[in-house]
>>> print(open('final.txt').read())   # compact mmCIF, C-alpha atoms
# COMPACT_ATOMS: atom_id res chain seq x y z
CA MET A 1 162.07 70.92 108.26
CA THR A 2 161.30 69.55 111.73
CA GLY A 3 157.53 69.40 111.38
CA ARG A 4 157.23 71.38 114.60
CA GLU A 5 154.95 74.41 114.83
CA ALA A 6 155.37 77.39 117.15
CA VAL A 7 152.15 78.74 118.67
CA ILE A 8 151.31 81.59 121.02
CA VAL A 9 149.61 80.31 124.17
CA GLY A 10 149.71 83.45 126.33
CA ALA A 11 150.24 87.19 125.98
CA VAL A 12 150.14 90.00 128.53
CA ARG A 13 151.42 93.53 128.93
CA THR A 14 151.53 96.31 131.46
CA PRO A 15 149.70 99.54 130.84
CA VAL A 16 152.18 101.94 129.24
CA GLY A 17 153.28 104.85 131.40
CA LYS A 18 154.60 108.22 130.33
CA ARG A 19 158.23 109.04 131.04
CA GLY A 20 158.21 110.36 134.61
CA GLY A 21 154.67 109.07 135.04
CA VAL A 22 152.79 106.27 136.76
CA LEU A 23 155.37 103.52 136.22
CA SER A 24 158.47 105.64 136.75
CA ALA A 25 159.14 104.26 140.25
CA TRP A 26 159.44 100.69 138.98
CA HIS A 27 162.92 99.30 138.44
CA PRO A 28 162.80 97.88 134.89
CA ALA A 29 163.89 94.40 136.02
CA ASP A 30 161.01 94.34 138.49
CA LEU A 31 158.61 95.75 135.90
CA LEU A 32 159.43 92.92 133.51
CA GLY A 33 159.56 90.39 136.35
CA HIS A 34 156.07 91.41 137.45
CA THR A 35 154.87 90.84 133.87
CA LEU A 36 156.56 87.43 133.60
CA ARG A 37 155.01 86.31 136.88
CA HIS A 38 151.52 87.17 135.68
CA LEU A 39 152.07 85.48 132.31
CA VAL A 40 153.08 82.25 134.04
CA ASP A 41 150.24 82.45 136.56
CA ARG A 42 147.58 83.15 133.92
CA THR A 43 148.60 80.24 131.72
CA GLY A 44 149.03 77.89 134.67
CA ILE A 45 152.22 76.42 133.24
CA ASP A 46 154.84 74.87 135.48
CA PRO A 47 157.70 77.42 135.27
CA MET A 48 160.22 74.57 135.54
CA LEU A 49 159.26 73.72 131.94
CA ILE A 50 160.40 77.07 130.53
CA ASP A 51 163.44 76.48 128.33
CA ASP A 52 164.45 80.12 127.92
CA VAL A 53 163.36 83.71 128.37
CA ILE A 54 164.33 86.09 125.56
CA ALA A 55 164.01 89.75 126.47
CA GLY A 56 164.15 92.77 124.20
CA CYS A 57 165.71 95.94 125.62
CA VAL A 58 167.34 98.87 123.83
CA LEU A 59 168.96 101.12 126.41
CA GLN A 60 171.16 98.45 127.95
CA HIS A 61 173.02 100.52 130.51
CA ASP A 62 172.54 101.56 134.14
CA GLN A 63 169.39 99.86 135.50
CA GLN A 64 168.96 97.91 132.26
CA SER A 65 172.51 96.58 132.01
CA SER A 66 173.98 93.09 132.51
CA ASN A 67 171.27 90.97 130.85
CA ILE A 68 168.07 92.43 132.27
CA GLY A 69 166.18 89.34 131.13
CA ARG A 70 167.98 87.23 133.73
CA HIS A 71 167.38 89.80 136.47
CA ALA A 72 163.68 89.86 135.54
CA VAL A 73 163.45 86.06 135.85
CA LEU A 74 164.85 86.29 139.36
CA SER A 75 162.64 89.28 140.22
CA ALA A 76 159.62 87.26 139.09
CA GLY A 77 160.42 84.51 141.58
CA LEU A 78 160.75 81.97 138.78
CA PRO A 79 163.02 78.96 139.35
CA GLU A 80 166.72 79.76 139.28
CA SER A 81 167.05 77.09 136.58
CA VAL A 82 165.17 79.26 134.05
CA PRO A 83 167.76 80.91 131.76
CA ALA A 84 167.38 84.25 130.00
CA VAL A 85 169.09 86.40 127.39
CA THR A 86 168.65 90.02 126.33
CA VAL A 87 168.62 91.14 122.68
CA ASP A 88 168.83 94.52 120.99
CA ARG A 89 167.37 95.16 117.56
CA GLN A 90 166.53 98.71 118.55
CA CYS A 91 162.78 99.48 118.39
CA GLY A 92 162.07 95.96 117.15
CA SER A 93 163.81 94.25 120.09
CA GLY A 94 160.61 92.86 121.60
CA GLN A 95 159.51 91.60 118.21
CA GLN A 96 162.92 90.06 117.61
CA ALA A 97 162.62 88.27 120.94
CA VAL A 98 159.42 86.68 119.63
CA THR A 99 161.19 85.69 116.42
CA PHE A 100 164.04 84.01 118.27
CA ALA A 101 161.62 82.18 120.57
CA ALA A 102 159.50 80.93 117.66
CA GLN A 103 162.59 79.88 115.71
CA GLY A 104 163.91 78.00 118.74
CA VAL A 105 160.64 76.11 119.06
CA VAL A 106 160.53 75.18 115.37
CA ALA A 107 164.18 74.10 115.46
CA GLY A 108 163.56 71.84 118.46
CA THR A 109 165.80 73.80 120.80
CA TYR A 110 162.80 74.85 122.90
CA ASP A 111 159.46 73.30 123.77
CA LEU A 112 158.40 76.35 125.74
CA ALA A 113 159.89 79.84 125.77
CA ILE A 114 158.94 83.33 126.85
CA ALA A 115 159.51 86.25 124.48
CA CYS A 116 159.27 89.62 126.16
CA GLY A 117 160.51 93.18 126.29
CA VAL A 118 160.94 96.06 128.68
CA GLU A 119 162.03 99.67 128.73
CA SER A 120 162.01 102.26 131.48
CA MET A 121 162.69 105.54 129.75
CA SER A 122 162.14 107.21 133.10
CA GLN A 123 165.00 105.44 134.82
CA VAL A 124 167.41 104.96 131.90
CA SER A 125 168.34 107.99 129.83
CA MET A 126 168.37 108.21 126.04
CA PRO A 127 171.80 108.72 124.45
CA SER A 128 172.54 112.35 123.67
CA ALA A 129 172.77 111.51 119.97
CA PHE A 130 168.98 111.04 119.92
CA GLN A 131 168.41 114.69 120.76
CA PRO A 132 167.75 117.21 117.95
CA GLY A 133 170.94 118.78 116.66
CA ALA A 134 173.24 116.60 118.78
CA PRO A 135 176.38 115.09 117.25
CA LEU A 136 176.41 111.40 116.45
CA GLY A 137 177.38 109.13 119.32
CA PRO A 138 180.50 107.00 119.71
CA GLN A 139 178.77 103.89 118.31
CA TYR A 140 179.55 105.13 114.79
CA GLY A 141 183.02 104.01 113.74
CA PRO A 142 185.24 106.07 111.40
CA LEU A 143 184.85 103.61 108.51
CA GLU A 144 181.04 103.72 108.70
CA LEU A 145 181.07 107.51 108.87
CA ALA A 146 183.42 107.66 105.91
CA ARG A 147 181.21 105.29 103.91
CA TYR A 148 178.25 107.64 104.28
CA ASP A 149 180.27 110.85 104.10
CA GLY A 150 178.74 112.36 107.21
CA GLY A 151 175.15 111.67 106.10
CA LEU A 152 174.15 109.48 109.04
CA MET A 153 171.74 111.00 111.55
CA ALA A 154 169.33 110.22 114.34
CA GLN A 155 165.84 108.98 113.46
CA GLY A 156 164.08 112.30 114.04
CA PRO A 157 165.89 114.15 111.23
CA SER A 158 165.58 111.01 109.08
CA SER A 159 161.80 111.18 109.42
CA GLU A 160 161.89 114.42 107.47
CA LEU A 161 163.75 112.70 104.64
CA MET A 162 161.04 110.03 104.61
CA ASN A 163 158.28 112.64 104.60
CA GLU A 164 159.89 114.33 101.62
CA LYS A 165 160.62 111.13 99.67
CA PHE A 166 157.08 109.81 99.98
CA GLY A 167 155.27 113.13 99.72
CA ILE A 168 153.73 113.03 103.19
CA GLY A 169 152.53 116.46 104.28
CA ARG A 170 152.12 118.06 107.68
CA GLU A 171 148.33 117.91 107.52
CA ALA A 172 148.34 114.14 106.94
CA LEU A 173 150.88 113.60 109.73
CA ASP A 174 148.87 115.62 112.24
CA ALA A 175 145.62 113.92 111.23
CA PHE A 176 147.22 110.52 111.79
CA GLY A 177 148.48 111.59 115.22
CA ILE A 178 144.97 112.67 116.21
CA ARG A 179 143.59 109.41 114.80
CA SER A 180 145.95 107.42 117.00
CA HIS A 181 144.62 109.06 120.17
CA GLU A 182 141.00 108.78 119.07
CA ARG A 183 141.32 105.09 118.27
CA ALA A 184 143.29 104.23 121.39
CA LEU A 185 140.76 106.10 123.53
CA ALA A 186 137.86 104.27 121.87
CA ALA A 187 139.63 100.92 122.37
CA THR A 188 140.22 101.74 126.03
CA ARG A 189 136.61 102.76 126.63
CA ASP A 190 135.40 99.60 124.85
CA GLY A 191 137.59 97.46 127.11
CA ARG A 192 139.60 96.04 124.21
CA PHE A 193 142.86 96.16 126.17
CA HIS A 194 141.41 95.02 129.48
CA ASP A 195 142.10 91.28 129.33
CA GLN A 196 145.72 91.68 128.22
CA LEU A 197 146.76 94.07 130.99
CA VAL A 198 148.51 92.84 134.13
CA PRO A 199 147.38 94.46 137.38
CA ILE A 200 150.00 96.92 138.55
CA THR A 201 150.20 99.82 140.98
CA ALA A 202 152.20 103.02 140.71
CA ASP A 203 154.09 102.19 143.91
CA PRO A 204 156.00 98.90 143.47
CA HIS A 205 156.17 98.56 147.25
CA SER A 206 152.41 98.89 147.70
CA PRO A 207 150.67 96.05 145.85
CA SER A 208 147.39 96.95 147.56
CA GLY A 209 147.36 100.44 146.08
CA GLU A 210 145.15 101.64 143.26
CA THR A 211 145.57 99.54 140.12
CA ILE A 212 146.58 101.27 136.88
CA THR A 213 144.10 100.19 134.22
CA THR A 214 144.83 102.43 131.22
CA ASP A 215 147.74 103.58 129.08
CA GLU A 216 148.77 106.92 130.50
CA GLY A 217 149.67 108.70 127.28
CA ILE A 218 146.26 108.52 125.59
CA ARG A 219 144.66 111.95 125.44
CA GLU A 220 140.94 112.27 125.94
CA HIS A 221 140.75 115.65 124.23
CA VAL A 222 142.97 116.53 121.29
CA ASP A 223 142.77 120.05 119.89
CA PRO A 224 143.53 119.98 116.13
CA ALA A 225 144.32 123.71 116.17
CA LYS A 226 146.89 123.26 118.91
CA ILE A 227 148.38 120.24 117.14
CA GLY A 228 148.69 122.28 113.96
CA SER A 229 150.42 125.15 115.75
CA LEU A 230 153.30 123.05 117.10
CA LYS A 231 156.76 123.76 115.74
CA ALA A 232 158.61 121.07 113.85
CA ALA A 233 160.96 119.14 116.13
CA PHE A 234 163.88 118.35 113.85
CA ALA A 235 164.02 120.99 111.11
CA ALA A 236 162.91 124.60 110.91
CA ASP A 237 160.77 123.87 107.86
CA GLY A 238 159.98 120.29 108.85
CA ARG A 239 156.74 118.36 109.32
CA THR A 240 157.51 116.00 112.21
CA THR A 241 156.36 117.31 115.59
CA ALA A 242 155.96 115.94 119.10
CA ALA A 243 152.27 115.35 118.37
CA ASN A 244 152.84 113.13 115.33
CA SER A 245 155.69 111.15 116.91
CA SER A 246 155.75 108.36 119.47
CA GLN A 247 155.99 109.09 123.18
CA LEU A 248 158.89 108.26 125.50
CA SER A 249 157.44 105.68 127.86
CA ASP A 250 157.79 102.88 130.40
CA GLY A 251 156.35 99.40 129.98
CA ALA A 252 156.77 95.65 129.60
CA ALA A 253 155.07 92.85 127.67
CA ALA A 254 155.52 89.08 127.39
CA LEU A 255 154.28 86.18 125.27
CA LEU A 256 154.43 82.45 125.98
CA ILE A 257 155.41 80.47 122.88
CA ALA A 258 155.24 76.69 122.69
CA ASP A 259 155.53 73.77 120.33
CA SER A 260 151.98 72.86 119.32
CA ASP A 261 152.31 69.22 120.41
CA PHE A 262 153.81 70.30 123.74
CA ALA A 263 150.92 72.72 124.23
CA GLU A 264 148.39 69.95 123.65
CA ARG A 265 150.12 67.62 126.11
CA HIS A 266 150.17 70.31 128.82
CA GLY A 267 146.65 71.67 128.39
CA LEU A 268 147.73 74.96 126.84
CA ILE A 269 145.38 76.52 124.30
CA PRO A 270 147.10 77.68 121.08
CA ARG A 271 145.82 81.13 120.20
CA ALA A 272 147.82 81.79 117.03
CA ARG A 273 150.54 80.29 114.89
CA PHE A 274 153.32 82.00 112.99
CA ARG A 275 152.96 82.21 109.23
CA ALA A 276 156.15 84.21 108.57
CA LEU A 277 159.07 85.83 110.36
CA SER A 278 161.34 88.18 108.48
CA VAL A 279 164.00 90.82 108.94
CA ALA A 280 165.37 93.23 106.36
CA ALA A 281 167.70 96.18 106.06
CA ALA A 282 167.83 99.18 103.76
CA ASP A 283 169.10 102.76 103.63
CA PRO A 284 170.57 103.73 107.06
CA ILE A 285 170.13 107.42 106.29
CA ILE A 286 166.38 107.45 105.62
CA GLN A 287 166.17 104.50 108.09
CA PHE A 288 162.48 103.67 107.73
CA THR A 289 162.04 101.97 104.34
CA ALA A 290 163.11 98.49 105.50
CA VAL A 291 159.56 97.89 106.78
CA LEU A 292 158.56 97.67 103.12
CA ASP A 293 161.27 95.14 102.28
CA ALA A 294 160.66 93.04 105.40
CA THR A 295 156.93 92.95 104.65
CA ARG A 296 157.41 91.92 101.02
CA LYS A 297 159.72 89.13 102.21
CA ALA A 298 157.24 87.95 104.85
CA LEU A 299 154.32 87.95 102.43
CA GLN A 300 156.33 86.02 99.85
CA ARG A 301 157.43 83.42 102.40
CA SER A 302 153.93 82.99 103.80
CA GLY A 303 152.29 82.63 100.40
CA LEU A 304 149.87 85.40 101.36
CA SER A 305 148.97 88.64 99.65
CA VAL A 306 148.18 92.00 101.21
CA ASP A 307 144.50 91.25 100.62
CA ASP A 308 144.74 88.12 102.78
CA VAL A 309 145.73 90.16 105.85
CA ASP A 310 142.87 91.26 108.11
CA ARG A 311 144.78 93.55 110.49
CA PHE A 312 148.03 95.47 110.11
CA GLU A 313 150.07 96.89 112.98
CA VAL A 314 152.79 99.31 111.88
CA ASN A 315 154.72 100.94 114.67
CA GLU A 316 154.02 104.64 114.97
CA ALA A 317 157.59 105.70 115.69
CA PHE A 318 156.61 108.66 113.54
CA ALA A 319 153.27 109.09 111.78
CA GLY A 320 155.06 109.03 108.44
CA VAL A 321 155.95 105.34 108.83
CA PRO A 322 152.41 103.86 108.79
CA LEU A 323 151.39 106.47 106.22
CA MET A 324 154.28 105.42 103.96
CA PHE A 325 153.38 101.77 104.51
CA ALA A 326 149.70 102.27 103.72
CA GLN A 327 150.58 104.27 100.62
CA GLU A 328 153.01 101.67 99.27
CA PHE A 329 150.79 98.62 99.90
CA GLY A 330 147.37 100.20 99.40
CA ILE A 331 146.16 99.37 102.93
CA ALA A 332 142.60 100.30 103.82
CA ASP A 333 142.36 102.63 106.81
CA GLY A 334 139.99 100.24 108.58
CA LYS A 335 142.68 97.55 108.71
CA LEU A 336 145.63 99.64 109.94
CA ASN A 337 146.38 100.30 113.63
CA VAL A 338 142.70 100.03 114.42
CA ASN A 339 143.23 100.54 118.17
CA GLY A 340 145.78 103.32 117.89
CA GLY A 341 149.49 102.94 118.31
CA SER A 342 152.67 104.31 119.82
CA ILE A 343 151.77 107.96 119.21
CA ALA A 344 148.94 107.60 121.72
CA ILE A 345 149.83 104.51 123.74
CA GLY A 346 153.56 105.20 123.98
CA HIS A 347 156.76 103.55 122.83
CA PRO A 348 158.86 101.91 125.58
CA LEU A 349 161.49 100.91 123.02
CA GLY A 350 162.36 97.32 123.93
CA SER A 351 158.83 96.27 124.85
CA THR A 352 156.88 97.74 121.94
CA GLY A 353 157.23 94.73 119.64
CA ALA A 354 155.84 92.40 122.30
CA ARG A 355 153.14 94.92 123.25
CA MET A 356 152.03 95.30 119.64
CA LEU A 357 151.89 91.54 119.06
CA THR A 358 149.82 91.14 122.22
CA ASP A 359 147.46 93.85 120.97
CA LEU A 360 147.33 92.30 117.48
CA LEU A 361 146.52 88.84 118.80
CA CYS A 362 143.76 90.15 121.03
CA GLU A 363 142.34 92.26 118.19
CA LEU A 364 142.15 89.23 115.87
CA GLU A 365 140.26 87.40 118.60
CA ARG A 366 137.98 90.35 119.33
CA SER A 367 137.11 90.98 115.68
CA ASP A 368 136.89 87.28 114.78
CA THR A 369 139.44 87.77 112.00
CA ARG A 370 142.26 85.47 111.03
CA VAL A 371 145.54 86.96 109.76
CA GLY A 372 147.56 89.77 111.29
CA LEU A 373 150.79 91.41 110.13
CA GLN A 374 153.07 93.48 112.32
CA THR A 375 156.12 95.47 111.30
CA ILE A 376 158.50 97.81 113.12
CA CYS A 377 161.12 100.19 111.76
CA GLU A 378 164.42 100.21 113.63
CA ALA A 379 167.32 102.62 113.96
CA HIS A 380 170.03 102.43 111.32
CA GLY A 381 167.73 101.01 108.65
CA THR A 382 166.52 97.58 109.76
CA ALA A 383 162.99 96.22 110.28
CA ASN A 384 161.11 93.13 111.41
CA THR A 385 157.83 91.76 110.06
CA THR A 386 155.78 89.02 111.70
CA ILE A 387 152.64 87.38 110.32
CA ILE A 388 150.40 85.38 112.65
CA GLU A 389 147.24 83.36 112.05
CA ARG A 390 144.63 83.09 114.76
CA LEU A 391 143.67 79.56 115.75
>>> encode(input="final.txt", output="structure tokens")
Amino acid sequence: MTGREAVIVGAVRTPVGKRGGVLSAWHPADLLGHTLRHLVDRTGIDPMLIDDVIAGCVLQHDQQSSNIGRHAVLSAGLPESVPAVTVDRQCGSGQQAVTFAAQGVVAGTYDLAIACGVESMSQVSMPSAFQPGAPLGPQYGPLELARYDGGLMAQGPSSELMNEKFGIGREALDAFGIRSHERALAATRDGRFHDQLVPITADPHSPSGETITTDEGIREHVDPAKIGSLKAAFAADGRTTAANSSQLSDGAAALLIADSDFAERHGLIPRARFRALSVAAADPIIQFTAVLDATRKALQRSGLSVDDVDRFEVNEAFAGVPLMFAQEFGIADGKLNVNGGSIAIGHPLGSTGARMLTDLLCELERSDTRVGLQTICEAHGTANTTIIERL
């Protein structure tokens, strides 16, 4: 053990835009660069002191190819001496970026690092294998396919296996989807997201234009009857629909992570410390159960129990995931995704982990609570869990 402690000293995010919506004109490198610039400016840190930038991004082709983290550093106008790397742990990529940054600080490799994420699902297309009924993509090798005898599938169809395994019905899924919009709308109206948002305009070439101040996907009016009438998206007799699944979105988020002694020497205010960082893997066919294993591992390593956690953030890739999680751990509704989640806010894949941690940190501060736990399911059966303690 080094005796070093990693702390969060800054966290910001863009509003989340719908695919084809208000942020669709932004090149993803510029979108992340804009976010990095505001993180550095808000904290007042000398950017020459940044040891590394770790960026999460999932669709690493076309505009998001060739280490988008480095391109974002240059777009931000940060010193050319600031390095960057891009990581892919699917939907948990932004959260994994945080993990790597915190681990680097504790190990003594970094004194100061940025963990961030970005995804423009407007500008970079999803692989065809993600579409309902499409064949599996070329990333699956013959030996892997043979191991699972053709049982591998995209996450949408897998959500139906999860719903069946854990007894989660259509009514509960739809109610959770509505809940996400209602809570995100209430949080927006209460100004809970205000301080974490970076100012941004729809036109990247017109910084004097109207500033986007809200997440575009949140619906002000949700009709339960209409939600209930939607057809299942992945199976004729299924329960998962567009209304109880996350939205395809654009967005970026970034956190500044420092060694606690370094932060003190440079006038940075530690906002939270890391109590546990974990990753786990489980069944690649059902795909979603690793959040349970990663959370058990994180709780065990932190010495905490479920009852010690004040706020839980479970990514709403599909409504069944937080419902499964709450069912397995006995989580009170008032502690889980209290400001909504990806069903309402949106899910720009690579940035969601950083966006959620920014939201979680700000919620602990707002509610004057102490311990927060975040977990994200990831394609092919992996998951990350992070536990932070507000300082």
>>> closest_residue(input="final.txt", among="A:Leu39, A:Val12, A:Met126, A:Ile286", to="Lys165 of chain A", atoms="only C-alpha atoms")
A:Ile286
>>> residues_near_point(input="final.txt", point="(155.7, 89.2, 127.3)", cutoff="12 Å", atoms="all atoms listed in the file", output="ChimeraX atom specification")
/A:8-14,31-40,53-56,69,72-73,93-95,97-98,101,113-118,196-198,251-257,350-359
>>> atom_distance(input="final.txt", atom1="atom CA of Gly191 of chain A", atom2="atom CA of Ile227 of chain A")
27.1 Å
>>> residues_around(input="final.txt", residues="segment 140-152 of chain A", least_positions_apart="6", cutoff="9 Å", atoms="all atoms listed in the file", output="PDB file with C-alpha atoms, in the coordinates of the input")
ATOM      1  CA  SER A 158     165.580 111.010 109.080  1.00  0.00           C
ATOM      2  CA  PRO A 284     170.570 103.730 107.060  1.00  0.00           C
ATOM      3  CA  ILE A 285     170.130 107.420 106.290  1.00  0.00           C
ATOM      4  CA  ILE A 286     166.380 107.450 105.620  1.00  0.00           C
ATOM      5  CA  HIS A 380     170.030 102.430 111.320  1.00  0.00           C
TER       6      HIS A 380
END
>>> closest_atom_pairs(input="final.txt", of="segment 19-63 of chain A", to="segment 233-248 of chain A", cutoff="12 Å", atoms="all atoms listed in the file", output="CSV")
residue,atom,partner,partner_atom,distance
A:Arg19,CA,A:Leu248,CA,5.6
A:Gly20,CA,A:Leu248,CA,9.4
A:Gly21,CA,A:Leu248,CA,10.5
A:Ser24,CA,A:Leu248,CA,11.6
>>> closest_residue(input="final.txt", among="A:Asn315, A:Ser278, A:Ser65, A:Gln327", to="Thr99 of chain A", atoms="all atoms listed in the file")
A:Ser278
>>> residues_around(input="final.txt", residues="Val309 of chain A", least_positions_apart="3", cutoff="8 Å", atoms="only C-alpha atoms", output="mmCIF file with C-alpha atoms, in the coordinates of the input")
data_model
loop_
_atom_site.group_PDB
_atom_site.id
_atom_site.type_symbol
_atom_site.label_atom_id
_atom_site.label_comp_id
_atom_site.auth_asym_id
_atom_site.auth_seq_id
_atom_site.Cartn_x
_atom_site.Cartn_y
_atom_site.Cartn_z
ATOM 1 C CA LEU A 304 149.870 85.400 101.360
ATOM 2 C CA SER A 305 148.970 88.640 99.650
ATOM 3 C CA VAL A 306 148.180 92.000 101.210
ATOM 4 C CA PHE A 312 148.030 95.470 110.110
ATOM 5 C CA ARG A 370 142.260 85.470 111.030
ATOM 6 C CA VAL A 371 145.540 86.960 109.760
ATOM 7 C CA GLY A 372 147.560 89.770 111.290
ATOM 8 C CA LEU A 373 150.790 91.410 110.130
#
>>> closest_residue(input="final.txt", among="A:Thr382, A:Ser180, A:Ser229, A:Gln60", to="Val124 of chain A", atoms="all atoms listed in the file")
A:Gln60
>>> residues_around(input="final.txt", residues="Ala102 of chain A", least_positions_apart="2", cutoff="8 Å", atoms="only C-alpha atoms", output="PyMOL selection string")
chain A and resi 6-7+98-100+104-106+257-258+274
>>> closest_residue(input="final.txt", among="A:Pro15, A:Asp51, A:Phe325, A:Arg170", to="Gly108 of chain A", atoms="only C-alpha atoms")
A:Asp51
>>> residues_around(input="final.txt", residues="segment 337-346 of chain A", least_positions_apart="5", cutoff="8 Å", atoms="only C-alpha atoms", output="ChimeraX atom specification")
/A:16-18,177,179-184,186-187,215-219,243-249,311-319
>>> atom_distance(input="final.txt", atom1="atom CA of Glu389 of chain A", atom2="atom CA of Thr295 of chain A")
15.5 Å
>>> atom_distance(input="final.txt", atom1="atom CA of His71 of chain A", atom2="atom CA of Ala29 of chain A")
5.8 Å
>>> closest_residue(input="final.txt", among="A:Gln96, A:Thr369, A:Gln287, A:Thr213", to="Met162 of chain A", atoms="all atoms listed in the file")
A:Gln287
>>> closest_residue(input="final.txt", among="A:Pro47, A:Pro270, A:Gly137, A:Pro28", to="Leu78 of chain A", atoms="all atoms listed in the file")
A:Pro47
